[in-house]
Amino acid sequence: MTDGGDQQQDGGIGRSLWSLTGPIDRRSYTIAGGVVLLVQNVVIRLVAAASYDDLWSVFDQYFTFYGLLQHPLQEPVSGEVALAVAATSLPFALLVIWLTVRRLITFQASRWWALFMVVPPTSLVVFLVLSVIPSTSGRPRRNVGDSPSDASLIPESAAGSAWFAVVATVPLAVLAAVVATQGLETYGWGLFVILPFWLGMASAILYGYRHDRTWAQSLGIGILANVMFGVLLLVFALEGLVCIIMAAPIGALLGAVGGITGYLLQSYFGLTKSIAAVVVLLAMVPFVMGIEGADSTEPPELLVKSSVDIDAPPEVVWREVVAFDELPPPEDWLFSTGIAYPTDASIDGRGVGAVRRCEFSTGAFVEPITVWDKPRQLAFDVERQPHALEETSPWGAIEPPHIDSMFRSQRGAFRLHERADGGTRLVGKTWYRQEIWPAAYWRSISNRIIHRIHMRVLRHIERVSEAAD
């Protein structure tokens, strides 16, 4: 198939690139936008290296500066660093938005889509979509006739086709989720990547079976199908609201990519091959889930580190580190969602072999002491831990398998560093494992939750120690 709108260049970058307000062809947009995004990422990495003596990955960049402003090692990002990154990134962001607006003009799409270019990693998805979709949209896309005789079950109207696409695909996705979570007790790539992608692709292809749909409509139905998937998981008490919200960004993102993939499959290969792709990918879902369920490999140990500066000597701070009285009710909104939070800590004995109990809203962490270096370091293993959260559900308390497997605390430590002015820099560390994938996505969430838990304890120790000194 040809794309007349993208053949106007003589070679290299098309002349349409140099117009200030006119449309831009696909090749020019891809090359120019790709160069701008590449340079932007290099600049961010250099700024990070100047501040933290390391080069961050692209993933770390998006989930740090553009996300929750936290270093991958969980040291809070200073306002100066955040401002430096924002200032150096702004010119590149404006360039990409300008190119994207012109690309949207090319096929008369809403300019508002360009706003997604400031919300990574959504910006990468939008950029890839606009780099793939041809500039013209009036060519025929079917290979089985304009009105398929085998589509009598699918309504003619757009709303009816959308309803059919969701009803025909979402129950299959729910069934696959039940097999993965209740049967295999696995939360991995099959559940969080392949399944939402398949759901978006399949729903988009069914939605466009009777009539051609635009890429925006296909993207929308892919997201809608994944939203309904989450709703059914909640209705049937298979998952709680907290975890559905946590998974929503990756689900919506992959649903959108799946919807665009369905649109492109119909555009270039027709309906017959598109349906075949849906069936093949659906067959891969239980296959991947089965492999993940049989995998007994121990996940890697992860570290979260947080710190505060306290205007009190280490000897005073040490007393509160070992054990502390009941904390006031949490002010952080995060802990109102059901995620477990610390309430107090006590210790039985002194020195190595003593047992510390850190009470949480869901139960107690039992922590045998392994290092007692007063007043410099306290370290402990985790012998037993409570649930990581209390799921919110219309049906009351539910306990899906991931409540225990998503987060397993291994050990922890407090380090007290005496400052030159006589104060103390208190560092809290937690080592943990998680059995949920994609690891990078869930690690970014777990790390930040643990950091908030750390800070609840560290800030309390800071207040009490400074008041006692």
# chains A, B, ... in the order shown; residues from 1 in each chain; ligands from 1

call {"tool": "residues_around", "arguments": {"residues": "region 237-250 of chain A", "least_positions_apart": "4", "cutoff": "9 Å", "atoms": "only C-alpha atoms", "output": "PyMOL selection string"}}
result
chain A and resi 177-178+181-182+192-193+196+226-227+230-233+254-255+337-339+389-395+397-400+441-442+445

call {"tool": "residues_around", "arguments": {"residues": "region 430-437 of chain A", "least_positions_apart": "3", "cutoff": "10 Å", "atoms": "only C-alpha atoms", "output": "PyMOL selection string"}}
result
chain A and resi 186-193+292+297-306+379-382+402+404-414+440-443+446-447+450-451+454

call {"tool": "closest_residue", "arguments": {"among": "A:Val427, A:Ala388, A:Ala283, A:Ile275", "to": "Ser307 (chain A)", "atoms": "only C-alpha atoms"}}
result
A:Val427

call {"tool": "select_by_dssp", "arguments": {"residues": "region 205-374 of chain A", "states": "strand (DSSP E or B)", "output": "PyMOL selection string"}}
result
chain A and resi 302-310+324+339+342-348+355-360+363-373
